[in-house]
Every structure is written in structure tokens, then in C-alpha cells.
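Structure first, then comments.
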Amino acid sequence: MPGAELAVSRHCEPREGLPPALFVHGLGGSADNWLELLDQLADDVDGEAVDLPGFGHSAPPLDGNLTLSGHVRAVIGYLEETGRGPVHLLGNSLGGAVAVRLAALRPDLVRSLTLISPALPELPPQRTAWSTGLLALPGVAELIRRRSRGADPESATADLLRLVYGDPAGIPAHRRARAVDEYRRRAALPYSLGALTGSARGIVSAYTERGGQALWRQAEQVTAPVLLVYGLRDKLVSYRSARRACAAFRDARLLVLPDSGHVAMLEHPEPVARAVRELLAEADGRG
């Protein structure tokens, strides 16, 4: 895209006759976070998962813009360039905030919206989410860089998985191994920490925006049908946000997973896929 180079993943070959879908990951994540759900929905959508600028296999943006609006512009640019819209848009955490702003600004590109633990403003945040906010503070990136030198990838990955999973003991061995491999790969990239902290600052900044740019105000502008997915064991996005989200979106339905954490599409892809199929049927029924 202009100013950014995006990596996009597919689970299988393009499927003619299936509606297009785009999956957007959360802070520090990648398209890999969607593999299980892409597998579940392989017969329902022609799905692609994008790596946001600076994450996964995507390079950082040339202008260094890692704000929420910068990520939104990158995704809009991709949809315009490929002509895939309107798509069924799915977002997790940061990707959920990206999806909300995109759907509000460009309703012509969005057929339905699935938000899994979306990063919408929550004040005060729950204590277990403070670590994300701390990433935005000046000097934290250098502190993390010094402390992570020589860090054991297995231990560092285990700490991250404990933060985002409701039940880390239930993580399959192959998923844990993939996470460790990705940690090693990202740790070797000179820009990875900057992309993480810059995007964290972007989220914090978006939480303070007012007027038409306020995320909750933009949620009220979304006209597409919305599926909200929350986990009761989520340490980063509290379930208490679900009530406000259900009230904000014009056409919302809610799925609550008692045993899920922040990444329900990884922990419980089957019930999430069932709920998405119901949403697809409703959205497609509208023509």
C-alpha cells in the first residue's frame, strides 16, 4: 500500500462463490492468530488475515505512523487496492478497534463486524491490563530492550501466553511451539519493539480522543450487524465493557465464553465460528 508493505495470509486457495472476509489481529499479534478460526470458517468465507504495519511479516510504515488511524488507513488501502470490499471484517483487541473505526468511516467496505475482546476505551482499566498501558510510556522501550537481552524465548513466550489465555495449561503443544518460534523471529527484527510500543501509544492516544473521533462515538455510527465476543477470564479487556458495547452498536449480538481469555478465537474457535456463521447468515440475508 502507499507508505506501507502488508503481508496477507490465506488458509487455503481462493474460493469462488464465498463472501470475502478479512481478519485483523491484536497488539503484538499477527495473521497466525487466526489460523484456527480460518480453518473453522473455510467453507463459509473466502478469508484472508492481514499483518498490520510493523507486525507479523509486514514492514513498519515508511512514515512511522503507528497510530490507530494509521493502521486503519493501511487496511482501507488494502481493501481498495484489491477490490475485495465489502467484507465480513473480524478484529481482535487492537484489531477490533481498527475494525470499529474502519466500519464507521467506510461503511461501504464492511458487510458485518465481529469483534473479539475489542480494545475500546475502558476507564479505569482493570489492573491486569496496566502492562499494555505502560508500553506507551517514554523510555519503556529501551528498558524492555535492555532487560530482554539474552532472555529465554520459552519463558518470555510463556509469560505472554499466561496474559492472553484464560487457561494456559490447555494450549496445544503445536500452538505453544509456534508462539516460541515467532518470538525468536520477532526478537531478531530491529523494529519489532518500536512497532509494539508505538502501537501501544496509538491505542492510549485513541482512548483520549473526543468528538467524532472518539471510539465509542464511532461505534454508535456503525450500521453493519455486529457480533461481540468476550471471555470472562480476559485479563486485558474486562467483560464489563460488553454492556456498553451492546448499547453502543445499533445491531449487536453477544457471545460470552466463561473459560476464554483475550484470544477466544484461539482458545475456543468452534463456538466462535458457530456465532460467526449465524452473523453471516443474517448479514447475507439482508442482501
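Chain identifiers are assigned as A, B, and so on, following the order in which chains appear in the C-alpha cells; residues are numbered from 1 within each chain, and ligands are numbered from 1 in order of appearance.
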**Request:** Find the spatial neighbours of stretch 170-187 of chain A, counting only C-alpha atoms, within a cut-off of 7 Å - ignore same-chain residues fewer than 6 positions away - and output them as a ChimeraX atom specification.
**Result:** /A:153-154,157
Using C-alpha atoms, can you write the selected residues to a file as a CSV table (one decimal), in the first residue's frame?
chain,number,residue,atom,x,y,z
A,153,PRO,CA,12.3,-17.3,24.5
A,154,GLU,CA,10.4,-20.1,26.1
A,157,THR,CA,6.5,-16.6,25.5
With a cut-off of 10 Å, could you pull out the residues of stretch 178-210 of chain A touching stretch 215-226 of chain A and give me the nearest pair of atoms for each, distance in Å to one decimal, using only C-alpha atoms, ordered by chain and ascending number, as CSV?
residue,atom,partner,partner_atom,distance
A:Ala206,CA,A:Leu215,CA,7.3
A:Tyr207,CA,A:Leu215,CA,7.3
A:Thr208,CA,A:Leu215,CA,9.2
A:Glu209,CA,A:Leu215,CA,7.7
A:Arg210,CA,A:Leu215,CA,8.3
Generate the output file for the selected residues, C-alpha atoms, as a JSON list (two decimals), in the first residue's frame.
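For reference, out-v1.json as written:
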[["chain", "number", "residue", "atom", "x", "y", "z"],
["A", 206, "ALA", "CA", -7.13, 6.86, 20.72],
["A", 207, "TYR", "CA", -8.66, 6.34, 24.16],
["A", 208, "THR", "CA", -8.32, 10.07, 24.84],
["A", 209, "GLU", "CA", -9.85, 11.29, 21.57],
["A", 210, "ARG", "CA", -13.08, 13.23, 21.77]]
Within 12 Å of stretch 267-274 of chain A: each stretch 165-237 of chain A residue with its shortest pair, only C-alpha atoms, as a tab-separated table:
residue	atom	partner	partner_atom	distance
A:Tyr165	CA	A:Glu267	CA	7.2
A:Gly166	CA	A:Glu267	CA	8.0
A:Asp167	CA	A:Glu267	CA	8.2
A:Pro168	CA	A:Glu267	CA	9.2
A:Ala169	CA	A:Glu267	CA	11.0
A:Gly170	CA	A:Glu267	CA	8.2
A:Ile171	CA	A:Glu267	CA	7.6
A:Pro172	CA	A:Glu267	CA	9.6
A:Arg175	CA	A:Glu267	CA	10.5
A:Leu227	CA	A:Val272	CA	9.7
A:Leu228	CA	A:Val272	CA	10.0
A:Val229	CA	A:Val272	CA	7.7
A:Tyr230	CA	A:Val272	CA	10.2
A:Gly231	CA	A:His268	CA	9.9
A:Arg233	CA	A:Glu267	CA	11.3
A:Asp234	CA	A:Glu267	CA	11.5
**Request:** For A:Leu68, please output as a ChimeraX atom specification all residues within 8 Å (counting only C-alpha atoms; exclusion window: fewer than 6 positions along the same chain).
**Result:** /A:97-98,199,202-203,206
**Item:** Minimum-distance residue to A:Leu120, chosen among A:Ala245, A:Ala281, A:Gly77, A:Glu16 (using only C-alpha atoms)
**Value:**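 Checking each of A:Ala245, A:Ala281, A:Gly77, A:Glu16 against A:Leu120, counting only C-alpha atoms, the winner is A:Ala245.
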**Request:** DSSP on the backbone, then: every residue of stretch 47-239 of chain A marked strand (DSSP E or B), written as a PyMOL selection string.
**Result:** chain A and resi 47-50+87-92+110-116+226-231
Writing out the chosen residues with N, CA and C atoms as a PDB file, in the first residue's frame:
ATOM      1  N   GLY A  47     -11.485 -16.266   3.234  1.00  0.00           N
ATOM      2  CA  GLY A  47     -10.840 -15.491   4.285  1.00  0.00           C
ATOM      3  C   GLY A  47      -9.386 -15.160   4.027  1.00  0.00           C
ATOM      4  N   GLU A  48      -9.004 -13.959   4.431  1.00  0.00           N
ATOM      5  CA  GLU A  48      -7.618 -13.515   4.439  1.00  0.00           C
ATOM      6  C   GLU A  48      -7.335 -12.862   5.790  1.00  0.00           C
ATOM      7  N   ALA A  49      -6.106 -13.027   6.267  1.00  0.00           N
ATOM      8  CA  ALA A  49      -5.683 -12.391   7.515  1.00  0.00           C
ATOM      9  C   ALA A  49      -4.501 -11.481   7.213  1.00  0.00           C
ATOM     10  N   VAL A  50      -4.603 -10.251   7.659  1.00  0.00           N
ATOM     11  CA  VAL A  50      -3.584  -9.250   7.354  1.00  0.00           C
ATOM     12  C   VAL A  50      -2.665  -9.051   8.556  1.00  0.00           C
ATOM     13  N   VAL A  87     -16.437  -6.521   2.941  1.00  0.00           N
ATOM     14  CA  VAL A  87     -16.013  -7.787   3.531  1.00  0.00           C
ATOM     15  C   VAL A  87     -16.685  -7.995   4.881  1.00  0.00           C
ATOM     16  N   HIS A  88     -16.727  -9.237   5.289  1.00  0.00           N
ATOM     17  CA  HIS A  88     -17.018  -9.548   6.678  1.00  0.00           C
ATOM     18  C   HIS A  88     -15.710  -9.300   7.435  1.00  0.00           C
ATOM     19  N   LEU A  89     -15.708  -8.335   8.330  1.00  0.00           N
ATOM     20  CA  LEU A  89     -14.491  -7.870   8.996  1.00  0.00           C
ATOM     21  C   LEU A  89     -14.451  -8.394  10.420  1.00  0.00           C
ATOM     22  N   LEU A  90     -13.354  -9.050  10.779  1.00  0.00           N
ATOM     23  CA  LEU A  90     -13.182  -9.615  12.111  1.00  0.00           C
ATOM     24  C   LEU A  90     -11.934  -9.032  12.740  1.00  0.00           C
ATOM     25  N   GLY A  91     -12.038  -8.565  13.990  1.00  0.00           N
ATOM     26  CA  GLY A  91     -10.895  -7.961  14.660  1.00  0.00           C
ATOM     27  C   GLY A  91     -10.808  -8.383  16.108  1.00  0.00           C
ATOM     28  N   ASN A  92      -9.584  -8.545  16.582  1.00  0.00           N
ATOM     29  CA  ASN A  92      -9.323  -8.907  17.976  1.00  0.00           C
ATOM     30  C   ASN A  92      -8.487  -7.807  18.625  1.00  0.00           C
ATOM     31  N   VAL A 110     -17.642  -2.674   4.594  1.00  0.00           N
ATOM     32  CA  VAL A 110     -17.904  -3.645   5.671  1.00  0.00           C
ATOM     33  C   VAL A 110     -19.302  -4.228   5.546  1.00  0.00           C
ATOM     34  N   ARG A 111     -19.355  -5.549   5.497  1.00  0.00           N
ATOM     35  CA  ARG A 111     -20.630  -6.263   5.397  1.00  0.00           C
ATOM     36  C   ARG A 111     -21.131  -6.675   6.780  1.00  0.00           C
ATOM     37  N   SER A 112     -20.226  -7.098   7.631  1.00  0.00           N
ATOM     38  CA  SER A 112     -20.545  -7.410   9.020  1.00  0.00           C
ATOM     39  C   SER A 112     -19.279  -7.214   9.838  1.00  0.00           C
ATOM     40  N   LEU A 113     -19.443  -7.167  11.165  1.00  0.00           N
ATOM     41  CA  LEU A 113     -18.325  -6.873  12.059  1.00  0.00           C
ATOM     42  C   LEU A 113     -18.338  -7.883  13.208  1.00  0.00           C
ATOM     43  N   THR A 114     -17.223  -8.599  13.371  1.00  0.00           N
ATOM     44  CA  THR A 114     -17.047  -9.492  14.514  1.00  0.00           C
ATOM     45  C   THR A 114     -15.902  -8.959  15.357  1.00  0.00           C
ATOM     46  N   LEU A 115     -16.191  -8.629  16.606  1.00  0.00           N
ATOM     47  CA  LEU A 115     -15.211  -8.013  17.497  1.00  0.00           C
ATOM     48  C   LEU A 115     -14.956  -8.933  18.681  1.00  0.00           C
ATOM     49  N   ILE A 116     -13.733  -9.430  18.773  1.00  0.00           N
ATOM     50  CA  ILE A 116     -13.340 -10.337  19.841  1.00  0.00           C
ATOM     51  C   ILE A 116     -12.472  -9.566  20.826  1.00  0.00           C
ATOM     52  N   VAL A 226     -23.261  -6.512  14.119  1.00  0.00           N
ATOM     53  CA  VAL A 226     -22.048  -6.708  14.916  1.00  0.00           C
ATOM     54  C   VAL A 226     -22.200  -7.917  15.835  1.00  0.00           C
ATOM     55  N   LEU A 227     -21.168  -8.757  15.871  1.00  0.00           N
ATOM     56  CA  LEU A 227     -21.047  -9.831  16.852  1.00  0.00           C
ATOM     57  C   LEU A 227     -19.954  -9.453  17.836  1.00  0.00           C
ATOM     58  N   LEU A 228     -20.293  -9.418  19.121  1.00  0.00           N
ATOM     59  CA  LEU A 228     -19.337  -9.121  20.186  1.00  0.00           C
ATOM     60  C   LEU A 228     -19.000 -10.408  20.924  1.00  0.00           C
ATOM     61  N   VAL A 229     -17.716 -10.678  21.095  1.00  0.00           N
ATOM     62  CA  VAL A 229     -17.258 -11.881  21.784  1.00  0.00           C
ATOM     63  C   VAL A 229     -16.368 -11.465  22.948  1.00  0.00           C
ATOM     64  N   TYR A 230     -16.747 -11.894  24.153  1.00  0.00           N
ATOM     65  CA  TYR A 230     -15.971 -11.579  25.357  1.00  0.00           C
ATOM     66  C   TYR A 230     -15.715 -12.849  26.153  1.00  0.00           C
ATOM     67  N   GLY A 231     -14.540 -12.909  26.786  1.00  0.00           N
ATOM     68  CA  GLY A 231     -14.197 -14.014  27.676  1.00  0.00           C
ATOM     69  C   GLY A 231     -14.197 -13.546  29.116  1.00  0.00           C
TER      70      GLY A 231
END
**Asked** Quick one: residues within 10 Å of stretch 52-55 of chain A, only C-alpha atoms counted, chain neighbours fewer than 6 positions away excluded, as a VMD selection string?
**Response** chain A and resid 3 to 8 24 to 31 61 to 62 64 to 66 70 to 72 74 to 75 94 to 95 98 186 189 191 to 196 198 to 199
